[in-house]
Structures are given as structure tokens and as C-alpha cells.
$ cat query28.cif   # mmCIF, C-alpha atoms
data_run
loop_
_atom_site.label_atom_id
_atom_site.label_comp_id
_atom_site.auth_asym_id
_atom_site.auth_seq_id
_atom_site.Cartn_x
_atom_site.Cartn_y
_atom_site.Cartn_z
CA MET A 1 100.63 101.63 85.25
CA TYR A 2 98.51 104.57 86.35
CA TRP A 3 98.95 106.59 83.16
CA LYS A 4 95.39 107.95 83.22
CA VAL A 5 96.17 109.78 86.47
CA THR A 6 98.87 111.84 84.77
CA ASN A 7 97.36 111.74 81.25
CA PRO A 8 93.58 111.65 81.76
CA THR A 9 91.34 110.92 78.80
CA LEU A 10 89.04 113.75 79.82
CA SER A 11 91.48 116.66 79.78
CA PRO A 12 91.32 120.25 78.52
CA SER A 13 92.34 119.17 75.00
CA HIS A 14 89.18 117.05 74.82
CA LEU A 15 86.94 119.88 75.96
CA GLN A 16 87.73 122.51 73.31
CA ASP A 17 84.15 122.45 72.02
CA LEU A 18 82.73 122.85 75.53
CA PRO A 19 84.08 126.15 76.88
CA GLY A 20 83.77 126.41 80.65
CA PHE A 21 82.77 122.78 81.11
CA THR A 22 83.99 120.81 84.12
CA ARG A 23 82.80 117.75 85.99
CA SER A 24 84.20 119.17 89.22
CA VAL A 25 81.69 119.79 92.02
CA TYR A 26 82.09 121.29 95.48
CA LYS A 27 79.38 120.93 98.14
CA ARG A 28 79.20 121.28 101.91
CA ASP A 29 79.79 117.57 102.55
CA HIS A 30 81.70 116.35 99.49
CA ALA A 31 83.70 117.38 96.45
CA LEU A 32 84.62 115.84 93.12
CA ILE A 33 87.80 117.35 91.67
CA THR A 34 88.42 116.23 88.09
CA PRO A 35 91.67 116.59 86.09
CA GLU A 36 90.56 119.51 83.91
CA SER A 37 90.25 121.57 87.12
CA HIS A 38 93.75 120.94 88.48
CA VAL A 39 95.76 124.13 88.99
CA PHE A 40 99.51 123.57 89.27
CA SER A 41 102.03 126.01 90.72
CA PRO A 42 105.48 125.67 92.32
CA LEU A 43 105.29 123.81 95.62
CA PRO A 44 106.62 125.97 98.46
CA GLU A 45 110.27 125.18 99.26
CA TRP A 46 110.36 122.18 96.89
CA THR A 47 112.75 122.48 93.93
CA ASN A 48 111.76 121.78 90.31
CA THR A 49 108.33 120.61 91.45
CA LEU A 50 104.83 121.73 90.55
CA GLY A 51 101.94 120.90 92.84
CA ALA A 52 98.16 120.89 92.65
CA TYR A 53 96.32 121.04 96.00
CA LEU A 54 93.16 118.98 95.59
CA ILE A 55 91.82 118.76 99.15
CA THR A 56 92.62 121.21 101.97
CA PRO A 57 91.04 122.33 105.27
CA ALA A 58 89.60 125.34 103.40
CA MET A 59 86.86 123.00 102.10
CA GLY A 60 86.20 121.43 105.50
CA SER A 61 88.68 118.54 105.57
CA HIS A 62 91.09 117.89 108.43
CA PHE A 63 93.93 116.99 106.06
CA ALA A 64 95.56 118.12 102.81
CA MET A 65 95.96 116.07 99.63
CA TYR A 66 98.00 117.17 96.64
CA LEU A 67 99.80 116.00 93.52
CA ALA A 68 103.54 116.71 93.28
CA ASN A 69 105.01 116.63 89.77
CA MET A 70 108.75 116.35 90.29
CA GLN A 71 111.00 117.15 87.35
CA GLU A 72 114.66 116.28 86.74
CA ASN A 73 116.81 116.89 89.84
CA ALA A 74 113.76 117.82 91.91
CA ARG A 75 113.91 117.76 95.69
CA SER A 76 111.16 117.85 98.31
CA ALA A 77 110.80 120.15 101.29
CA LEU A 78 109.87 119.04 104.78
CA PRO A 79 106.23 119.42 105.79
CA PRO A 80 105.47 122.10 108.39
CA HIS A 81 106.29 121.38 112.03
CA ASP A 82 104.09 118.71 113.67
CA VAL A 83 102.66 117.51 110.34
CA GLU A 84 102.66 113.84 109.32
CA ARG A 85 103.05 112.89 105.64
CA PHE A 86 102.08 109.94 103.41
CA ILE A 87 103.46 109.52 99.88
CA PHE A 88 102.33 107.24 97.05
CA VAL A 89 104.11 107.07 93.67
CA VAL A 90 101.92 106.99 90.55
CA GLN A 91 104.57 107.72 87.92
CA GLY A 92 108.37 107.53 87.74
CA SER A 93 110.53 107.00 90.83
CA ALA A 94 112.04 108.98 93.69
CA MET A 95 114.71 108.33 96.32
CA LEU A 96 113.64 108.75 99.94
CA THR A 97 116.44 109.42 102.44
CA ASN A 98 116.04 109.87 106.20
CA ALA A 99 118.24 111.69 108.72
CA SER A 100 120.23 108.51 109.38
CA GLY A 101 121.23 108.37 105.72
CA VAL A 102 119.11 105.30 104.97
CA SER A 103 117.68 105.50 101.46
CA SER A 104 114.75 103.71 99.80
CA LYS A 105 113.91 103.87 96.11
CA LEU A 106 110.19 104.45 95.67
CA MET A 107 108.83 103.07 92.39
CA VAL A 108 105.27 103.12 91.04
CA ASP A 109 102.97 101.53 93.66
CA SER A 110 105.46 102.29 96.46
CA TYR A 111 104.39 104.26 99.51
CA ALA A 112 105.98 105.85 102.54
CA TYR A 113 104.61 107.14 105.83
CA LEU A 114 106.69 109.84 107.55
CA PRO A 115 105.78 110.66 111.19
CA PRO A 116 105.52 114.25 112.40
CA ASN A 117 108.88 116.06 112.65
CA PHE A 118 110.69 113.18 110.91
CA GLU A 119 113.69 114.45 108.94
CA HIS A 120 113.64 113.19 105.35
CA SER A 121 114.06 114.24 101.75
CA LEU A 122 112.86 113.02 98.36
CA ARG A 123 114.93 113.36 95.20
CA ALA A 124 113.94 112.59 91.62
CA GLU A 125 116.58 112.16 88.93
CA GLY A 126 113.88 112.10 86.25
CA SER A 127 110.20 112.98 86.29
CA ALA A 128 107.96 111.52 88.99
CA THR A 129 104.38 112.09 90.13
CA LEU A 130 103.47 111.64 93.78
CA VAL A 131 100.20 111.74 95.67
CA VAL A 132 100.82 113.33 99.08
CA PHE A 133 98.59 113.38 102.16
CA GLU A 134 99.48 115.60 105.13
CA ARG A 135 97.84 116.24 108.48
CA SER A 136 98.77 118.43 111.46
CA ILE A 137 98.95 117.10 115.00
CA VAL A 138 98.38 120.44 116.73
CA LYS A 139 95.06 121.65 115.31
CA PRO A 140 91.81 121.36 117.27
CA LEU A 141 90.96 117.93 118.64
CA TYR A 142 88.95 116.72 115.66
CA TYR A 143 91.72 117.78 113.24
CA ARG A 144 94.78 116.46 115.05
CA TYR A 145 96.86 113.31 114.79
CA ALA A 146 95.96 111.18 117.81
CA SER A 147 98.97 109.30 119.14
CA LEU A 148 98.62 106.09 121.12
CA GLU A 149 100.03 105.76 124.62
CA ASN A 150 103.33 103.84 124.77
CA HIS A 151 103.50 103.68 120.97
CA ILE A 152 106.31 105.28 118.97
CA THR A 153 105.38 106.19 115.42
CA GLU A 154 108.05 105.21 112.90
CA GLN A 155 108.75 105.54 109.20
CA ILE A 156 107.00 102.94 107.05
CA VAL A 157 108.04 102.13 103.48
CA GLY A 158 106.33 99.52 101.35
CA SER A 159 104.62 98.58 98.11
CA THR A 160 101.08 97.51 97.34
CA ASP A 161 102.27 94.32 95.63
CA LYS A 162 103.68 93.23 99.00
CA GLN A 163 100.62 94.30 100.99
CA PRO A 164 97.75 91.80 100.67
CA LEU A 165 94.21 93.08 100.32
CA LEU A 166 92.09 93.01 103.45
CA GLU A 167 89.53 90.21 103.48
CA THR A 168 86.45 92.37 103.96
CA PRO A 169 83.43 90.83 102.18
CA GLY A 170 82.22 93.07 99.39
CA GLU A 171 84.51 95.94 100.41
CA ILE A 172 87.94 95.89 98.81
CA MET A 173 89.69 98.79 97.15
CA ASP A 174 90.06 96.81 93.91
CA PHE A 175 86.76 96.32 92.09
CA GLN A 176 86.13 94.17 89.04
CA PRO A 177 83.49 95.47 86.59
CA GLY A 178 80.10 94.96 88.21
CA ASP A 179 81.46 94.92 91.77
CA PHE A 180 80.11 97.45 94.26
CA LEU A 181 80.44 98.46 97.89
CA ASN A 182 78.53 96.02 100.06
CA VAL A 183 77.49 98.76 102.50
CA LYS A 184 75.80 102.08 101.72
CA GLU A 185 78.18 103.84 104.05
CA VAL A 186 77.39 106.64 106.51
CA HIS A 187 80.12 107.06 109.14
CA TYR A 188 82.17 109.55 111.15
CA ASN A 189 85.34 109.09 109.07
CA GLN A 190 86.52 111.48 106.41
CA HIS A 191 87.89 110.27 103.07
CA GLY A 192 90.29 111.54 100.45
CA LEU A 193 90.22 109.33 97.36
CA LEU A 194 92.16 109.14 94.08
CA LEU A 195 90.91 106.82 91.34
CA LEU A 196 94.00 105.10 89.97
CA GLU A 197 92.30 102.85 87.43
CA GLY A 198 88.87 102.18 85.96
CA GLN A 199 85.56 103.97 86.02
CA GLY A 200 82.18 103.75 87.68
CA ILE A 201 79.41 105.55 89.55
CA TYR A 202 79.91 107.18 92.95
CA ARG A 203 76.98 108.19 95.11
CA LEU A 204 77.76 111.14 97.40
CA GLY A 205 74.83 112.45 99.41
CA ASP A 206 71.87 112.66 97.03
CA SER A 207 74.06 113.01 93.92
CA TRP A 208 75.35 110.30 91.56
CA TYR A 209 78.60 110.98 89.71
CA PRO A 210 80.24 109.16 86.79
CA VAL A 211 83.92 108.94 87.77
CA GLN A 212 87.10 107.65 86.16
CA ALA A 213 90.85 107.32 86.72
CA GLY A 214 92.39 110.65 87.68
CA ASP A 215 89.36 111.89 89.63
CA VAL A 216 89.70 112.94 93.28
CA ILE A 217 86.89 112.82 95.86
CA TRP A 218 86.59 114.36 99.31
CA MET A 219 83.92 112.93 101.62
CA ALA A 220 82.97 114.67 104.86
CA PRO A 221 81.80 112.77 107.96
CA PHE A 222 78.39 111.13 107.62
CA VAL A 223 77.86 111.87 103.93
CA PRO A 224 76.07 108.85 102.36
CA GLN A 225 78.49 107.13 99.99
CA TRP A 226 78.47 104.13 97.66
CA TYR A 227 80.45 102.98 94.61
CA ALA A 228 79.85 100.59 91.70
CA ALA A 229 82.53 99.72 89.13
CA LEU A 230 81.58 99.85 85.45
CA GLY A 231 83.45 99.51 82.17
CA LYS A 232 85.71 96.67 81.03
CA THR A 233 88.66 96.99 83.41
CA ARG A 234 89.06 96.88 87.17
CA THR A 235 88.76 99.92 89.42
CA ARG A 236 91.53 100.64 91.90
CA TYR A 237 91.59 103.63 94.21
CA LEU A 238 93.81 105.07 96.90
CA LEU A 239 91.85 106.03 100.01
CA TYR A 240 92.62 108.14 103.07
CA LYS A 241 90.53 107.25 106.12
CA ASP A 242 90.95 108.23 109.76
CA VAL A 243 90.49 104.99 111.71
CA ASN A 244 91.46 103.12 114.89
CA ARG A 245 90.78 106.09 117.14
CA ASN A 246 87.94 107.08 119.44
CA PRO A 247 86.09 109.92 117.62
CA LEU A 248 85.81 111.81 120.93
#

$ encode --input "query28.cif" --output "C-alpha cells"
Amino acid sequence: MYWKVTNPTLSPSHLQDLPGFTRSVYKRDHALITPESHVFSPLPEWTNTLGAYLITPAMGSHFAMYLANMQENARSALPPHDVERFIFVVQGSAMLTNASGVSSKLMVDSYAYLPPNFEHSLRAEGSATLVVFERSIVKPLYYRYASLENHITEQIVGSTDKQPLLETPGEIMDFQPGDFLNVKEVHYNQHGLLLLEGQGIYRLGDSWYPVQAGDVIWMAPFVPQWYAALGKTRTRYLLYKDVNRNPL
């Protein structure tokens, strides 16, 4: 369903007459990372898997976001100690198994949240592409996972087709052509975003960027942001956002 994420229309083969061209941009408070800029290499301790780190703390974020291209008989590694992990499948399928031996098959549009220090493994019999978000709980206060008192964090497995959209007027993560964000947002939250479908215009700070499926965006706290969907098909994007916590 999300074939443009793994086979983008604007890829190196389409840029042969434009040597050195990229739509990617990195600035102090935001970044646009487009598919022709992805650099894949073996993911540490994973088997038969290539990864492309798209957002990391080196650019100013408090989390990491990467693509994991799992090949036949691939297996994941655990994240570092005290790091939480979120997985979303954009192509193929993978089997998630926890320390109790309980397994869940993750298909396209499936997701899983794995708490810090939660034993688990992912296996792919064929090819699969995952989007992975990770965040440490032991970094400085504004980087760390903030647990809630008397609340035990558990594994969550689900699928977007079983998770109804939030009824927020003018602000859903699916946009029909012509739809736009109702609020010109400026807030303390960070974002990591992957466009899964569609195309449009994203305002970040004082810049306006044409974007399409396969593009990744990092937004720092308080950067002005706004999106409008264009084209003939809907826009859908996957969004990381740190919420439900006191920013102090």
C-alpha cells in the first residue's frame, strides 16, 4: 500500500540529468530528508538488515528514527539498555516474539510499542520494511522517557485499520486533496514524520517545501509548521510527537 515509501518516484534514477541535486534540507530547527539522500548500511547487531538513520540526536532531536530493510531470514537486535522502541510496517511482514514466547504477525499498517528493557525479537521470512522510532529514558531531562507514577508500561500491538482517527476538527493525519492543518502550529513538542501517501506543501519556519510520499521531516520545538494536501490522492503520514507530559 505504501509502495512510494520503498520505491519513490523521485529517486536517483530520475535525477541522472541533475548531478548533485537533492531536495533534502537541514536547518537548526527542522530538516527535510528525501529518498535520494538515504544512506543504507548494515544495522548494528541485526542480521540481513540494512538501515538508514533519518533523524538522530546529532541534529538536535531527542529521539532516533530509521528505516530497517529486512531481507530473507532477517532478525532484529534489541535496542540499547533503557531505550523504548516503536515499529510500523510499510512493506512485507515480520513476526514479533516476546520473552514469554507470545508471537504477533505484523503486516503492512501494523505497529508495535516495546517498553524500555522489554525482551523481544523480530524475524522476517521474506523482505520487509519497517519504520523504527527509539528514545532513551536515561538522557537529560528533556530527552528522557517520562514514566507515570503507578503506571506500568506494557507492549502494545495493533493496526491502523483497527484504530479510529481522532475527532480533532481540521487536524487529522489523513488529508484529502485541498485539506490543510487548521492551526498554524508553534508548540513545545518535537516531531518526526514520514509521508506514507500523497503530496503537498509543508511550511517549516519561513520555508515552504513541496513534499511527497517517502519524505521524512524533523521539527524542533517551537518551529512554525503547517501542511496543505495537494494532488489527486489523499495524504497520510506517520507522526512522532511527545505528548501527555509536563514539559518541565

$ atom_distance --input "query28.cif" --atom1 "atom CA of Ala31 of chain A" --atom2 "atom CA of Ala64 of chain A"
13.5 Å

$ resolve_selection --input "query28.cif" --expression "the PyMOL selection byres ((chain A and resi 117-125) around 12)" --output "PDB file with C-alpha atoms, keeping the file's coordinate frame"
ATOM      1  CA  GLU A  45     110.270 125.180  99.260  1.00  0.00           C
ATOM      2  CA  TRP A  46     110.360 122.180  96.890  1.00  0.00           C
ATOM      3  CA  THR A  47     112.750 122.480  93.930  1.00  0.00           C
ATOM      4  CA  ASN A  48     111.760 121.780  90.310  1.00  0.00           C
ATOM      5  CA  THR A  49     108.330 120.610  91.450  1.00  0.00           C
ATOM      6  CA  ALA A  68     103.540 116.710  93.280  1.00  0.00           C
ATOM      7  CA  ASN A  69     105.010 116.630  89.770  1.00  0.00           C
ATOM      8  CA  MET A  70     108.750 116.350  90.290  1.00  0.00           C
ATOM      9  CA  GLN A  71     111.000 117.150  87.350  1.00  0.00           C
ATOM     10  CA  GLU A  72     114.660 116.280  86.740  1.00  0.00           C
ATOM     11  CA  ASN A  73     116.810 116.890  89.840  1.00  0.00           C
ATOM     12  CA  ALA A  74     113.760 117.820  91.910  1.00  0.00           C
ATOM     13  CA  ARG A  75     113.910 117.760  95.690  1.00  0.00           C
ATOM     14  CA  SER A  76     111.160 117.850  98.310  1.00  0.00           C
ATOM     15  CA  ALA A  77     110.800 120.150 101.290  1.00  0.00           C
ATOM     16  CA  LEU A  78     109.870 119.040 104.780  1.00  0.00           C
ATOM     17  CA  PRO A  79     106.230 119.420 105.790  1.00  0.00           C
ATOM     18  CA  PRO A  80     105.470 122.100 108.390  1.00  0.00           C
ATOM     19  CA  HIS A  81     106.290 121.380 112.030  1.00  0.00           C
ATOM     20  CA  ASP A  82     104.090 118.710 113.670  1.00  0.00           C
ATOM     21  CA  VAL A  83     102.660 117.510 110.340  1.00  0.00           C
ATOM     22  CA  GLU A  84     102.660 113.840 109.320  1.00  0.00           C
ATOM     23  CA  ARG A  85     103.050 112.890 105.640  1.00  0.00           C
ATOM     24  CA  PHE A  86     102.080 109.940 103.410  1.00  0.00           C
ATOM     25  CA  ILE A  87     103.460 109.520  99.880  1.00  0.00           C
ATOM     26  CA  VAL A  89     104.110 107.070  93.670  1.00  0.00           C
ATOM     27  CA  GLN A  91     104.570 107.720  87.920  1.00  0.00           C
ATOM     28  CA  GLY A  92     108.370 107.530  87.740  1.00  0.00           C
ATOM     29  CA  SER A  93     110.530 107.000  90.830  1.00  0.00           C
ATOM     30  CA  ALA A  94     112.040 108.980  93.690  1.00  0.00           C
ATOM     31  CA  MET A  95     114.710 108.330  96.320  1.00  0.00           C
ATOM     32  CA  LEU A  96     113.640 108.750  99.940  1.00  0.00           C
ATOM     33  CA  THR A  97     116.440 109.420 102.440  1.00  0.00           C
ATOM     34  CA  ASN A  98     116.040 109.870 106.200  1.00  0.00           C
ATOM     35  CA  ALA A  99     118.240 111.690 108.720  1.00  0.00           C
ATOM     36  CA  SER A 100     120.230 108.510 109.380  1.00  0.00           C
ATOM     37  CA  GLY A 101     121.230 108.370 105.720  1.00  0.00           C
ATOM     38  CA  VAL A 102     119.110 105.300 104.970  1.00  0.00           C
ATOM     39  CA  SER A 103     117.680 105.500 101.460  1.00  0.00           C
ATOM     40  CA  SER A 104     114.750 103.710  99.800  1.00  0.00           C
ATOM     41  CA  LYS A 105     113.910 103.870  96.110  1.00  0.00           C
ATOM     42  CA  LEU A 106     110.190 104.450  95.670  1.00  0.00           C
ATOM     43  CA  MET A 107     108.830 103.070  92.390  1.00  0.00           C
ATOM     44  CA  ALA A 112     105.980 105.850 102.540  1.00  0.00           C
ATOM     45  CA  TYR A 113     104.610 107.140 105.830  1.00  0.00           C
ATOM     46  CA  LEU A 114     106.690 109.840 107.550  1.00  0.00           C
ATOM     47  CA  PRO A 115     105.780 110.660 111.190  1.00  0.00           C
ATOM     48  CA  PRO A 116     105.520 114.250 112.400  1.00  0.00           C
ATOM     49  CA  GLY A 126     113.880 112.100  86.250  1.00  0.00           C
ATOM     50  CA  SER A 127     110.200 112.980  86.290  1.00  0.00           C
ATOM     51  CA  ALA A 128     107.960 111.520  88.990  1.00  0.00           C
ATOM     52  CA  THR A 129     104.380 112.090  90.130  1.00  0.00           C
ATOM     53  CA  LEU A 130     103.470 111.640  93.780  1.00  0.00           C
ATOM     54  CA  ARG A 135      97.840 116.240 108.480  1.00  0.00           C
ATOM     55  CA  SER A 136      98.770 118.430 111.460  1.00  0.00           C
ATOM     56  CA  ILE A 137      98.950 117.100 115.000  1.00  0.00           C
ATOM     57  CA  THR A 153     105.380 106.190 115.420  1.00  0.00           C
ATOM     58  CA  GLU A 154     108.050 105.210 112.900  1.00  0.00           C
ATOM     59  CA  GLN A 155     108.750 105.540 109.200  1.00  0.00           C
ATOM     60  CA  ILE A 156     107.000 102.940 107.050  1.00  0.00           C
TER      61      ILE A 156
END

$ atom_distance --input "query28.cif" --atom1 "atom CA of Val132 of chain A" --atom2 "atom CA of Thr22 of chain A"
23.7 Å

$ resolve_selection --input "query28.cif" --expression "the PyMOL selection byres ((chain A and resi 33-39) around 8)" --output "ChimeraX atom specification"
/A:8,10-12,22-26,31-32,40-41,51-54,214-217

$ write_last_selection --input "query28.cif" --atoms "C-alpha atoms" --output "PDB file, in the frame of the given file"
ATOM      1  CA  PRO A   8      93.580 111.650  81.760  1.00  0.00           C
ATOM      2  CA  LEU A  10      89.040 113.750  79.820  1.00  0.00           C
ATOM      3  CA  SER A  11      91.480 116.660  79.780  1.00  0.00           C
ATOM      4  CA  PRO A  12      91.320 120.250  78.520  1.00  0.00           C
ATOM      5  CA  THR A  22      83.990 120.810  84.120  1.00  0.00           C
ATOM      6  CA  ARG A  23      82.800 117.750  85.990  1.00  0.00           C
ATOM      7  CA  SER A  24      84.200 119.170  89.220  1.00  0.00           C
ATOM      8  CA  VAL A  25      81.690 119.790  92.020  1.00  0.00           C
ATOM      9  CA  TYR A  26      82.090 121.290  95.480  1.00  0.00           C
ATOM     10  CA  ALA A  31      83.700 117.380  96.450  1.00  0.00           C
ATOM     11  CA  LEU A  32      84.620 115.840  93.120  1.00  0.00           C
ATOM     12  CA  PHE A  40      99.510 123.570  89.270  1.00  0.00           C
ATOM     13  CA  SER A  41     102.030 126.010  90.720  1.00  0.00           C
ATOM     14  CA  GLY A  51     101.940 120.900  92.840  1.00  0.00           C
ATOM     15  CA  ALA A  52      98.160 120.890  92.650  1.00  0.00           C
ATOM     16  CA  TYR A  53      96.320 121.040  96.000  1.00  0.00           C
ATOM     17  CA  LEU A  54      93.160 118.980  95.590  1.00  0.00           C
ATOM     18  CA  GLY A 214      92.390 110.650  87.680  1.00  0.00           C
ATOM     19  CA  ASP A 215      89.360 111.890  89.630  1.00  0.00           C
ATOM     20  CA  VAL A 216      89.700 112.940  93.280  1.00  0.00           C
ATOM     21  CA  ILE A 217      86.890 112.820  95.860  1.00  0.00           C
TER      22      ILE A 217
END

$ closest_residue --input "query28.cif" --among "A:Leu239, A:Ile201, A:Ala220, A:Leu43" --to "Phe180 of chain A" --atoms "all atoms listed in the file"
A:Ile201

$ atom_distance --input "query28.cif" --atom1 "atom CA of Met65 of chain A" --atom2 "atom CA of His191 of chain A"
10.5 Å

$ closest_residue --input "query28.cif" --among "A:Val157, A:Leu181, A:Ile152, A:Val243" --to "Tyr227 of chain A" --atoms "only C-alpha atoms"
A:Leu181

$ closest_residue --input "query28.cif" --among "A:Tyr111, A:Asp242, A:Lys27, A:Gly231" --to "Asp206 of chain A" --atoms "all atoms listed in the file"
A:Lys27
